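Trainee: My structure is in final-v5.csv, and what it holds is CSV, C-alpha atoms and all ligand atoms:
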```csv
chain,number,residue,atom,x,y,z
A,1,MET,CA,79.3,-239.0,-73.8
A,2,PHE,CA,79.2,-236.2,-71.2
A,3,GLU,CA,78.3,-238.6,-68.3
A,4,GLY,CA,79.9,-236.2,-65.8
A,5,LEU,CA,77.7,-233.2,-66.4
A,6,LYS,CA,74.6,-235.4,-67.0
A,7,LYS,CA,75.0,-236.9,-63.6
A,8,ALA,CA,75.5,-233.5,-61.9
A,9,PHE,CA,72.4,-232.1,-63.5
A,10,GLN,CA,70.3,-235.1,-62.6
A,11,LYS,CA,71.6,-234.9,-59.0
A,12,VAL,CA,70.6,-231.3,-58.7
A,13,ALA,CA,67.2,-232.0,-60.1
A,14,ASN,CA,66.7,-234.8,-57.6
A,15,SER,CA,67.8,-232.6,-54.7
A,16,PHE,CA,65.3,-229.9,-55.7
A,17,LYS,CA,62.6,-232.5,-55.8
A,18,GLU,CA,63.4,-233.6,-52.3
A,19,LYS,CA,63.6,-230.1,-50.8
A,20,VAL,CA,61.2,-227.8,-52.6
A,21,GLU,CA,58.3,-229.6,-54.2
A,22,TYR,CA,55.1,-227.5,-54.3
A,23,LYS,CA,56.2,-224.4,-52.5
A,24,GLU,CA,57.9,-221.1,-53.3
A,25,ILE,CA,61.6,-221.5,-53.8
A,26,LYS,CA,63.7,-219.7,-51.1
A,27,GLU,CA,67.4,-218.9,-51.3
A,28,ASP,CA,68.1,-220.8,-48.2
A,29,ASP,CA,66.5,-224.0,-49.7
A,30,ILE,CA,68.8,-224.1,-52.7
A,31,GLU,CA,72.0,-222.3,-51.7
A,32,GLU,CA,73.8,-225.5,-50.8
A,33,ILE,CA,72.4,-227.6,-53.6
A,34,LEU,CA,73.6,-225.0,-56.2
A,35,GLU,CA,77.0,-224.7,-54.5
A,36,ASP,CA,77.4,-228.4,-54.9
A,37,LEU,CA,76.4,-228.2,-58.5
A,38,LYS,CA,79.0,-225.5,-59.1
A,39,LEU,CA,81.7,-227.8,-57.8
A,40,ASP,CA,80.4,-230.7,-59.9
A,41,MET,CA,80.5,-228.4,-63.0
A,42,ILE,CA,84.1,-227.3,-62.3
A,43,GLU,CA,85.1,-230.9,-61.9
A,44,ASN,CA,83.6,-231.6,-65.3
A,45,ASP,CA,85.6,-228.9,-67.2
A,46,VAL,CA,83.4,-225.9,-66.8
A,47,ALA,CA,85.8,-223.0,-65.9
A,48,TYR,CA,85.3,-221.5,-62.4
A,49,ASP,CA,84.1,-218.1,-63.4
A,50,ILE,CA,81.6,-219.5,-65.9
A,51,ALA,CA,80.2,-222.1,-63.5
A,52,ASP,CA,79.8,-219.2,-61.0
A,53,SER,CA,77.9,-217.1,-63.5
A,54,ILE,CA,75.7,-219.9,-64.6
A,55,ILE,CA,74.8,-220.7,-61.0
A,56,ASN,CA,74.0,-217.1,-60.3
A,57,ASP,CA,71.8,-216.9,-63.3
A,58,VAL,CA,70.0,-220.1,-62.3
A,59,LYS,CA,69.5,-218.6,-58.8
A,60,LYS,CA,68.0,-215.5,-60.3
A,61,GLN,CA,65.5,-217.5,-62.3
A,62,LEU,CA,64.5,-219.8,-59.5
A,63,ILE,CA,64.4,-217.8,-56.2
A,64,GLY,CA,60.8,-216.8,-55.6
A,65,PHE,CA,59.5,-219.3,-58.2
A,66,LYS,CA,56.3,-221.0,-57.2
A,67,ILE,CA,55.8,-224.5,-58.4
A,68,LYS,CA,52.2,-225.2,-59.4
A,69,ARG,CA,50.4,-228.5,-59.1
A,70,GLY,CA,51.1,-230.6,-62.1
A,71,GLU,CA,54.4,-228.8,-62.8
A,72,ASP,CA,57.5,-231.0,-62.4
A,73,ILE,CA,60.2,-229.3,-60.3
A,74,GLU,CA,62.8,-231.4,-62.1
A,75,ASP,CA,61.8,-229.9,-65.5
A,76,VAL,CA,61.7,-226.4,-64.1
A,77,VAL,CA,65.3,-226.8,-62.7
A,78,LYS,CA,66.6,-228.4,-65.8
A,79,ASP,CA,65.1,-225.8,-68.1
A,80,SER,CA,66.6,-223.0,-66.1
A,81,ILE,CA,70.1,-224.6,-66.3
A,82,LYS,CA,69.7,-225.2,-70.0
A,83,LYS,CA,68.7,-221.6,-70.6
A,84,SER,CA,71.7,-220.3,-68.6
A,85,ILE,CA,74.1,-222.6,-70.5
A,86,ILE,CA,72.8,-221.6,-73.9
A,87,LYS,CA,73.2,-217.9,-72.9
A,88,SER,CA,76.8,-218.6,-71.8
A,89,LEU,CA,77.5,-220.3,-75.2
A,90,GLY,CA,76.9,-216.8,-76.7
A,91,TYR,CA,75.8,-218.5,-79.9
A,92,GLU,CA,76.5,-216.6,-83.1
A,93,ASN,CA,75.0,-218.3,-86.1
A,94,ILE,CA,77.9,-218.5,-88.6
A,95,ASN,CA,77.2,-220.6,-91.7
A,96,LEU,CA,80.7,-221.1,-93.0
A,97,ILE,CA,79.7,-223.2,-96.0
A,98,GLU,CA,77.4,-220.4,-97.2
A,99,SER,CA,80.0,-217.7,-96.6
A,100,ILE,CA,82.5,-219.7,-98.6
A,101,LYS,CA,80.0,-220.2,-101.4
A,102,ARG,CA,79.2,-216.5,-101.5
A,103,LYS,CA,82.9,-215.5,-101.8
A,104,CYS,CA,83.5,-218.2,-104.4
A,105,ASN,CA,80.7,-216.9,-106.5
A,106,LYS,CA,82.6,-213.6,-106.7
A,107,ASN,CA,85.6,-215.6,-108.0
A,108,GLU,CA,87.5,-215.1,-104.8
A,109,SER,CA,89.1,-217.7,-102.6
A,110,TYR,CA,88.1,-218.0,-98.9
A,111,VAL,CA,91.1,-218.5,-96.7
A,112,ILE,CA,91.0,-220.3,-93.4
A,113,VAL,CA,94.0,-220.5,-91.1
A,114,PHE,CA,93.7,-223.4,-88.6
A,115,LEU,CA,95.4,-222.9,-85.2
A,116,GLY,CA,96.0,-225.4,-82.4
A,117,ILE,CA,98.7,-227.3,-80.6
A,118,ASN,CA,100.1,-230.6,-81.6
A,119,GLY,CA,98.0,-233.7,-80.8
A,120,VAL,CA,94.6,-231.9,-80.6
A,121,GLY,CA,93.6,-233.6,-83.9
A,122,LYS,CA,94.4,-230.6,-86.2
A,123,THR,CA,95.6,-232.6,-89.2
A,124,THR,CA,92.7,-235.0,-89.1
A,125,THR,CA,90.2,-232.1,-88.6
A,126,ILE,CA,91.6,-230.2,-91.6
A,127,ALA,CA,91.2,-233.4,-93.7
A,128,LYS,CA,87.6,-233.8,-92.4
A,129,PHE,CA,86.9,-230.2,-93.2
A,130,ALA,CA,88.3,-230.4,-96.7
A,131,ASN,CA,86.3,-233.5,-97.3
A,132,MET,CA,83.1,-231.9,-96.1
A,133,LEU,CA,83.7,-228.9,-98.4
A,134,LYS,CA,84.3,-231.3,-101.3
A,135,GLU,CA,81.1,-233.1,-100.6
A,136,ASN,CA,79.3,-229.7,-100.7
A,137,GLY,CA,80.8,-229.2,-104.2
A,138,ILE,CA,83.3,-226.6,-103.0
A,139,SER,CA,86.8,-226.8,-104.4
A,140,VAL,CA,89.8,-226.8,-101.9
A,141,VAL,CA,93.5,-226.6,-101.6
A,142,ILE,CA,95.4,-227.4,-98.5
A,143,ALA,CA,98.5,-225.4,-97.5
A,144,ALA,CA,100.9,-227.6,-95.4
A,145,ALA,CA,102.4,-224.6,-93.6
A,146,ASP,CA,103.7,-226.6,-90.6
A,147,THR,CA,107.3,-226.8,-91.9
A,148,PHE,CA,108.6,-227.2,-88.4
A,149,ARG,CA,107.5,-230.6,-87.1
A,150,ALA,CA,109.3,-233.5,-88.8
A,151,GLY,CA,106.6,-235.6,-90.5
A,152,ALA,CA,103.9,-232.9,-90.5
A,153,GLN,CA,104.1,-232.5,-94.3
A,154,GLU,CA,103.9,-236.2,-94.9
A,155,GLN,CA,101.0,-236.7,-92.4
A,156,ILE,CA,98.8,-234.2,-94.1
A,157,ASP,CA,99.9,-235.3,-97.5
A,158,ILE,CA,98.6,-238.8,-96.8
A,159,HIS,CA,95.1,-237.4,-95.9
A,160,ALA,CA,95.1,-235.1,-99.0
A,161,LYS,CA,95.8,-238.1,-101.2
A,162,LYS,CA,93.1,-240.2,-99.6
A,163,ILE,CA,90.4,-237.5,-100.0
A,164,ASP,CA,91.9,-236.5,-103.4
A,165,ILE,CA,92.5,-232.8,-102.6
A,166,PRO,CA,95.5,-230.8,-103.9
A,167,ILE,CA,98.1,-229.8,-101.4
A,168,ILE,CA,100.9,-227.2,-101.5
A,169,LYS,CA,103.9,-228.2,-99.4
A,170,GLY,CA,107.1,-226.6,-98.3
A,171,GLN,CA,110.6,-227.8,-97.5
A,172,TYR,CA,111.3,-228.7,-93.9
A,173,GLY,CA,112.3,-225.4,-92.2
A,174,ALA,CA,110.9,-223.3,-95.1
A,175,ASP,CA,109.0,-220.1,-94.3
A,176,PRO,CA,105.5,-221.2,-93.4
A,177,ALA,CA,104.0,-217.9,-94.5
A,178,SER,CA,105.4,-218.4,-98.0
A,179,VAL,CA,103.9,-221.9,-98.2
A,180,ALA,CA,100.5,-220.5,-97.3
A,181,TYR,CA,100.9,-217.6,-99.8
A,182,ASN,CA,101.9,-220.1,-102.6
A,183,ALA,CA,98.7,-222.0,-101.9
A,184,ILE,CA,96.7,-218.8,-102.2
A,185,LEU,CA,98.4,-218.1,-105.6
A,186,PHE,CA,97.6,-221.7,-106.6
A,187,ALA,CA,94.0,-221.3,-105.7
A,188,LYS,CA,93.8,-218.0,-107.7
A,189,SER,CA,95.3,-219.5,-110.8
A,190,ARG,CA,93.0,-222.5,-110.7
A,191,GLY,CA,89.9,-220.7,-109.5
A,192,LEU,CA,89.6,-222.7,-106.3
A,193,CYS,CA,87.1,-221.6,-103.7
A,194,THR,CA,89.0,-222.4,-100.4
A,195,VAL,CA,92.5,-222.4,-99.0
A,196,LEU,CA,92.9,-224.4,-95.8
A,197,VAL,CA,96.1,-223.5,-94.0
A,198,ASP,CA,97.6,-226.0,-91.6
A,199,THR,CA,100.0,-224.4,-89.1
A,200,ALA,CA,102.6,-225.5,-86.6
A,201,GLY,CA,101.4,-226.3,-83.1
A,202,ARG,CA,104.4,-226.7,-80.8
A,203,MET,CA,103.6,-225.7,-77.2
A,204,HIS,CA,101.0,-223.0,-77.0
A,205,SER,CA,103.2,-220.8,-74.8
A,206,ASP,CA,105.9,-220.8,-77.4
A,207,ILE,CA,106.6,-217.1,-78.3
A,208,ASP,CA,108.3,-218.0,-81.6
A,209,LEU,CA,105.2,-219.9,-82.6
A,210,MET,CA,103.0,-216.9,-81.9
A,211,GLY,CA,105.3,-214.8,-84.0
A,212,GLU,CA,105.2,-217.3,-86.8
A,213,LEU,CA,101.4,-217.5,-86.7
A,214,GLN,CA,101.1,-213.7,-86.7
A,215,LYS,CA,103.2,-213.6,-89.8
A,216,ILE,CA,101.1,-216.2,-91.5
A,217,VAL,CA,98.0,-214.2,-90.7
A,218,LYS,CA,99.6,-210.9,-91.9
A,219,VAL,CA,100.6,-212.5,-95.2
A,220,THR,CA,97.4,-214.5,-95.9
A,221,LYS,CA,94.8,-212.1,-94.5
A,222,PRO,CA,92.4,-215.0,-93.7
A,223,ASP,CA,88.7,-214.8,-93.7
A,224,MET,CA,88.6,-217.0,-90.7
A,225,LYS,CA,91.0,-218.1,-88.0
A,226,ILE,CA,89.8,-221.3,-86.5
A,227,LEU,CA,91.2,-222.7,-83.3
A,228,ILE,CA,91.1,-226.5,-82.8
A,229,VAL,CA,91.0,-227.8,-79.3
A,230,ASP,CA,90.7,-231.3,-77.8
A,231,ALA,CA,87.7,-231.9,-75.6
A,232,LEU,CA,89.8,-234.4,-73.5
A,233,THR,CA,92.3,-231.8,-72.4
A,234,GLY,CA,89.9,-229.9,-70.1
A,235,ASN,CA,91.5,-226.9,-68.6
A,236,ASP,CA,94.4,-227.0,-71.0
A,237,ALA,CA,91.9,-226.4,-73.8
A,238,VAL,CA,90.6,-223.4,-72.0
A,239,GLU,CA,94.1,-222.0,-71.5
A,240,GLN,CA,94.9,-222.6,-75.2
A,241,ALA,CA,91.8,-220.8,-76.2
A,242,LYS,CA,92.7,-217.8,-74.1
A,243,MET,CA,96.3,-217.8,-75.4
A,244,PHE,CA,95.5,-218.1,-79.1
A,245,ASN,CA,92.7,-215.6,-78.8
A,246,GLU,CA,94.9,-213.0,-77.1
A,247,ASN,CA,97.9,-213.5,-79.4
A,248,ILE,CA,96.4,-214.2,-82.8
A,249,GLY,CA,92.7,-213.6,-82.5
A,250,VAL,CA,90.3,-216.5,-83.0
A,251,ASP,CA,87.1,-216.2,-85.0
A,252,GLY,CA,85.6,-219.6,-84.2
A,253,ILE,CA,86.5,-222.9,-82.6
A,254,ILE,CA,86.3,-226.6,-83.5
A,255,ILE,CA,86.3,-229.1,-80.6
A,256,THR,CA,87.6,-232.6,-81.4
A,257,LYS,CA,87.2,-236.0,-79.7
A,258,ILE,CA,83.7,-235.2,-78.4
A,259,ASP,CA,82.9,-238.9,-78.8
A,260,ALA,CA,85.3,-239.8,-76.0
A,261,ASP,CA,84.5,-236.9,-73.7
A,262,VAL,CA,83.0,-238.2,-70.5
A,263,LYS,CA,82.8,-234.8,-68.8
A,264,GLY,CA,81.2,-232.4,-71.2
A,265,GLY,CA,82.1,-228.9,-70.0
A,266,VAL,CA,84.8,-227.9,-72.4
A,267,ALA,CA,82.4,-226.4,-75.0
A,268,ILE,CA,80.9,-224.1,-72.4
A,269,SER,CA,84.3,-223.0,-71.2
A,270,VAL,CA,86.2,-222.3,-74.4
A,271,SER,CA,83.4,-220.4,-76.0
A,272,SER,CA,82.8,-218.3,-72.9
A,273,VAL,CA,86.4,-217.4,-72.3
A,274,THR,CA,86.9,-216.3,-75.9
A,275,ASN,CA,83.4,-215.1,-76.6
A,276,LYS,CA,83.7,-216.9,-79.9
A,277,PRO,CA,81.4,-219.5,-81.4
A,278,ILE,CA,82.0,-223.2,-81.6
A,279,LEU,CA,81.6,-223.9,-85.3
A,280,PHE,CA,82.1,-227.6,-85.6
A,281,ILE,CA,82.7,-230.7,-83.5
A,282,GLY,CA,84.7,-233.7,-84.3
A,283,PHE,CA,83.3,-237.0,-83.1
A,284,GLY,CA,85.5,-239.8,-84.4
A,285,GLN,CA,88.4,-240.8,-86.6
A,286,ASN,CA,86.6,-241.0,-89.9
A,287,TYR,CA,86.4,-238.2,-92.5
A,288,ASN,CA,82.7,-237.9,-92.0
A,289,ASP,CA,82.9,-237.5,-88.3
A,290,ILE,CA,82.5,-233.8,-88.2
A,291,LYS,CA,79.3,-231.7,-87.9
A,292,ARG,CA,78.1,-228.2,-87.3
A,293,PHE,CA,77.9,-227.4,-83.6
A,294,ASP,CA,74.3,-226.9,-82.5
A,295,PRO,CA,74.0,-225.4,-79.0
A,296,ASN,CA,70.5,-226.8,-78.5
A,297,GLU,CA,71.5,-230.3,-79.4
A,298,TYR,CA,74.6,-230.0,-77.2
A,299,VAL,CA,72.6,-228.8,-74.2
A,300,ASN,CA,69.9,-231.5,-74.7
A,301,ASN,CA,72.7,-234.1,-74.8
A,302,LEU,CA,73.8,-232.9,-71.3
A,303,PHE,CA,70.3,-233.7,-70.0
A,304,ASP,CA,69.5,-237.0,-71.8
B,401,LIG,P1,97.5,-233.2,-84.7
B,401,LIG,O1,98.8,-233.5,-84.1
B,401,LIG,O2,96.8,-232.1,-84.0
B,401,LIG,O3,97.6,-233.0,-86.1
B,401,LIG,O4,96.6,-234.5,-84.4
B,401,LIG,P2,96.1,-235.6,-85.4
B,401,LIG,O5,95.2,-235.1,-86.4
B,401,LIG,O6,97.3,-236.4,-85.9
B,401,LIG,O7,95.2,-236.5,-84.4
B,401,LIG,C1,95.7,-237.1,-83.3
B,401,LIG,C2,94.9,-238.4,-83.0
B,401,LIG,O8,93.6,-238.0,-82.6
B,401,LIG,C3,94.7,-239.3,-84.2
B,401,LIG,O9,94.8,-240.6,-83.7
B,401,LIG,C4,93.3,-239.0,-84.7
B,401,LIG,O10,92.8,-240.1,-85.3
B,401,LIG,C5,92.6,-238.7,-83.4
B,401,LIG,N1,91.4,-237.8,-83.6
B,401,LIG,C6,91.3,-236.7,-84.2
B,401,LIG,N2,90.0,-236.2,-84.1
B,401,LIG,C7,89.3,-237.1,-83.4
B,401,LIG,C8,88.0,-237.2,-83.0
B,401,LIG,O11,87.1,-236.3,-83.2
B,401,LIG,N3,87.6,-238.3,-82.2
B,401,LIG,C9,88.5,-239.2,-81.9
B,401,LIG,N4,88.1,-240.3,-81.2
B,401,LIG,N5,89.8,-239.2,-82.3
B,401,LIG,C10,90.2,-238.1,-83.1
```
Take the structure from the file and write it as structure tokens.
Ligand code: GDP

Mentor:
Amino acid sequence: MFEGLKKAFQKVANSFKEKVEYKEIKEDDIEEILEDLKLDMIENDVAYDIADSIINDVKKQLIGFKIKRGEDIEDVVKDSIKKSIIKSLGYENINLIESIKRKCNKNESYVIVFLGINGVGKTTTIAKFANMLKENGISVVIAAADTFRAGAQEQIDIHAKKIDIPIIKGQYGADPASVAYNAILFAKSRGLCTVLVDTAGRMHSDIDLMGELQKIVKVTKPDMKILIVDALTGNDAVEQAKMFNENIGVDGIIITKIDADVKGGVAISVSSVTNKPILFIGFGQNYNDIKRFDPNEYVNNLFD
């Protein structure tokens, strides 16, 4: 996992060690090394502007820094990069499980609309999410509001059956907003805590899709709109994040397929371009392969 960025950060730490051990760091000493690092970061899915601002921040921290005897320049450089990345992740501590429980205690249902284009792992992620809530003792209904893609209803129905969670479906071509609304009514009538709305995900540049999603949001008034992106799609994930955030508004992000991500920069990019937190990450195909995103753990993984 994340071999690309890991290598880049180790490379820059080594270069610093060769050039500037035990003396004050001067801009001339490190300009080229950091320029190289910027290119390596861009190659590993960190968006250009964000790589640029991380490098500038690192420069600010390091220029004029005097390394003392006994202090390891590698650690100094790595710590400074870590700090800048954490800053760029703009971490906002949202504890979704607690928020859901709080609303449920007031006998209200918490509504989450999931956004994302086909293939990113949306169906699987909704099933993982539903299963996680169930394991936390939180009741759930799924709204299969992708009535556009042939097979979408069946696909999510299979998951719902496996994890034993109720699902509200619609006819092929039916109004997705009405399917979502029916699920909310179902949750109210049964006193269920959470409604998870699956939505269509044909091409992120599709204007009809954006209109359809806006209508779902208007009708369901969700507590959260969560965008799902695939770590393996690099810059496309960043473009999707911008697009959905501008057109629908995103409250948080889930990144899937982290287990297969050899680069590592998508998390930094999508949260920076949207200024929204990454809530969870998916790291496999099993229902339990989902966990809360922890920025410190993520950054430490980039330096292992
Ligand atoms: P959708 O079209 O967005 O609904 O995508 P699916 O949920 O059908 O997922 C597409 C493929 O990605 C499936 O083979 C999933 O098993 C796989 N997948 C989903 N999430 C993950 C993940 O976190 N890691 C890995 N390795 N595969 C995943």

Trainee: Against ligand LIG 401 (chain B), which residues of chain A fall within 7 Å? For each one I want the closest pair of atoms and the distance in Å (one decimal), counting all atoms listed in the file, rows by chain and increasing residue number, as JSON lines.

Mentor:
```
{"residue": "A:Gly116", "atom": "CA", "partner": "B:LIG401", "partner_atom": "O2", "distance": 6.9}
{"residue": "A:Ile117", "atom": "CA", "partner": "B:LIG401", "partner_atom": "O2", "distance": 6.2}
{"residue": "A:Asn118", "atom": "CA", "partner": "B:LIG401", "partner_atom": "O1", "distance": 4.0}
{"residue": "A:Gly119", "atom": "CA", "partner": "B:LIG401", "partner_atom": "O1", "distance": 3.4}
{"residue": "A:Val120", "atom": "CA", "partner": "B:LIG401", "partner_atom": "O2", "distance": 4.1}
{"residue": "A:Gly121", "atom": "CA", "partner": "B:LIG401", "partner_atom": "O4", "distance": 3.2}
{"residue": "A:Lys122", "atom": "CA", "partner": "B:LIG401", "partner_atom": "O2", "distance": 3.6}
{"residue": "A:Thr123", "atom": "CA", "partner": "B:LIG401", "partner_atom": "O3", "distance": 3.7}
{"residue": "A:Thr124", "atom": "CA", "partner": "B:LIG401", "partner_atom": "O5", "distance": 3.7}
{"residue": "A:Thr125", "atom": "CA", "partner": "B:LIG401", "partner_atom": "N2", "distance": 6.1}
{"residue": "A:Thr256", "atom": "CA", "partner": "B:LIG401", "partner_atom": "O11", "distance": 4.1}
{"residue": "A:Lys257", "atom": "CA", "partner": "B:LIG401", "partner_atom": "N3", "distance": 3.4}
{"residue": "A:Ile258", "atom": "CA", "partner": "B:LIG401", "partner_atom": "O11", "distance": 6.0}
{"residue": "A:Asp259", "atom": "CA", "partner": "B:LIG401", "partner_atom": "N3", "distance": 5.8}
{"residue": "A:Ala260", "atom": "CA", "partner": "B:LIG401", "partner_atom": "N4", "distance": 5.9}
{"residue": "A:Gly282", "atom": "CA", "partner": "B:LIG401", "partner_atom": "O11", "distance": 3.7}
{"residue": "A:Phe283", "atom": "CA", "partner": "B:LIG401", "partner_atom": "O11", "distance": 3.9}
{"residue": "A:Gly284", "atom": "CA", "partner": "B:LIG401", "partner_atom": "N3", "distance": 3.4}
{"residue": "A:Gln285", "atom": "CA", "partner": "B:LIG401", "partner_atom": "O10", "distance": 4.6}
{"residue": "A:Asp289", "atom": "CA", "partner": "B:LIG401", "partner_atom": "O11", "distance": 6.7}
```

Trainee: To one decimal in Å, tell me the separation between atom CA of Leu227 of chain A and atom CA of Ile94 of chain A.

Mentor: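 According to the coordinates, atom CA of Leu227 of chain A and atom CA of Ile94 of chain A are separated by 14.9 Å.
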
Trainee: Counting only C-alpha atoms, which of A:Met210, A:Ile138, A:Ala174, A:Ile254 gets nearest to Ile290 of chain A?

Mentor: A:Ile254

Trainee: Take atom CA of Met132 of chain A and atom CA of Arg292 of chain A and report the distance between them in Å, one decimal.

Mentor: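 About the pair atom CA of Met132 of chain A and atom CA of Arg292 of chain A: they are 10.8 Å apart.
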
Trainee: List every protein, DNA or RNA residue that has at least one atom no more than 6 Å from (97.6, -213.6, -85.3) in the file's coordinates, counting all atoms listed in the file, and write the result as a list in words.

Mentor: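 Residues lying no farther than 6 Å from the given point: Leu213, Gln214, Val217, Asn247, Ile248 and Gly249 of chain A.
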
Trainee: Can you give me N, CA and C atoms for segment 273-284 of chain A, written as a PDB file, in the coordinates of the input?

Mentor:
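Result file follows (out34.pdb):
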```pdb
ATOM      1  N   VAL A 273      85.196-218.176 -72.527  1.00  0.00           N
ATOM      2  CA  VAL A 273      86.400-217.400 -72.300  1.00  0.00           C
ATOM      3  C   VAL A 273      86.843-216.582 -73.507  1.00  0.00           C
ATOM      4  N   THR A 274      86.496-217.059 -74.689  1.00  0.00           N
ATOM      5  CA  THR A 274      86.900-216.300 -75.900  1.00  0.00           C
ATOM      6  C   THR A 274      85.757-215.449 -76.422  1.00  0.00           C
ATOM      7  N   ASN A 275      84.556-215.778 -76.003  1.00  0.00           N
ATOM      8  CA  ASN A 275      83.400-215.100 -76.600  1.00  0.00           C
ATOM      9  C   ASN A 275      83.266-215.370 -78.081  1.00  0.00           C
ATOM     10  N   LYS A 276      83.737-216.526 -78.506  1.00  0.00           N
ATOM     11  CA  LYS A 276      83.700-216.900 -79.900  1.00  0.00           C
ATOM     12  C   LYS A 276      82.886-218.184 -80.073  1.00  0.00           C
ATOM     13  N   PRO A 277      82.227-218.331 -81.214  1.00  0.00           N
ATOM     14  CA  PRO A 277      81.400-219.500 -81.400  1.00  0.00           C
ATOM     15  C   PRO A 277      82.105-220.799 -81.646  1.00  0.00           C
ATOM     16  N   ILE A 278      81.503-221.880 -81.206  1.00  0.00           N
ATOM     17  CA  ILE A 278      82.000-223.200 -81.600  1.00  0.00           C
ATOM     18  C   ILE A 278      81.334-223.472 -82.957  1.00  0.00           C
ATOM     19  N   LEU A 279      82.146-223.735 -83.957  1.00  0.00           N
ATOM     20  CA  LEU A 279      81.600-223.900 -85.300  1.00  0.00           C
ATOM     21  C   LEU A 279      81.265-225.336 -85.621  1.00  0.00           C
ATOM     22  N   PHE A 280      82.224-226.210 -85.307  1.00  0.00           N
ATOM     23  CA  PHE A 280      82.100-227.600 -85.600  1.00  0.00           C
ATOM     24  C   PHE A 280      82.546-228.471 -84.465  1.00  0.00           C
ATOM     25  N   ILE A 281      82.096-229.728 -84.441  1.00  0.00           N
ATOM     26  CA  ILE A 281      82.700-230.700 -83.500  1.00  0.00           C
ATOM     27  C   ILE A 281      83.129-231.921 -84.258  1.00  0.00           C
ATOM     28  N   GLY A 282      84.215-232.496 -83.780  1.00  0.00           N
ATOM     29  CA  GLY A 282      84.700-233.700 -84.300  1.00  0.00           C
ATOM     30  C   GLY A 282      84.303-234.859 -83.391  1.00  0.00           C
ATOM     31  N   PHE A 283      83.792-235.973 -83.949  1.00  0.00           N
ATOM     32  CA  PHE A 283      83.300-237.000 -83.100  1.00  0.00           C
ATOM     33  C   PHE A 283      83.770-238.409 -83.478  1.00  0.00           C
ATOM     34  N   GLY A 284      84.950-238.490 -84.072  1.00  0.00           N
ATOM     35  CA  GLY A 284      85.500-239.800 -84.400  1.00  0.00           C
ATOM     36  C   GLY A 284      86.653-239.662 -85.378  1.00  0.00           C
TER      37      GLY A 284
END
```
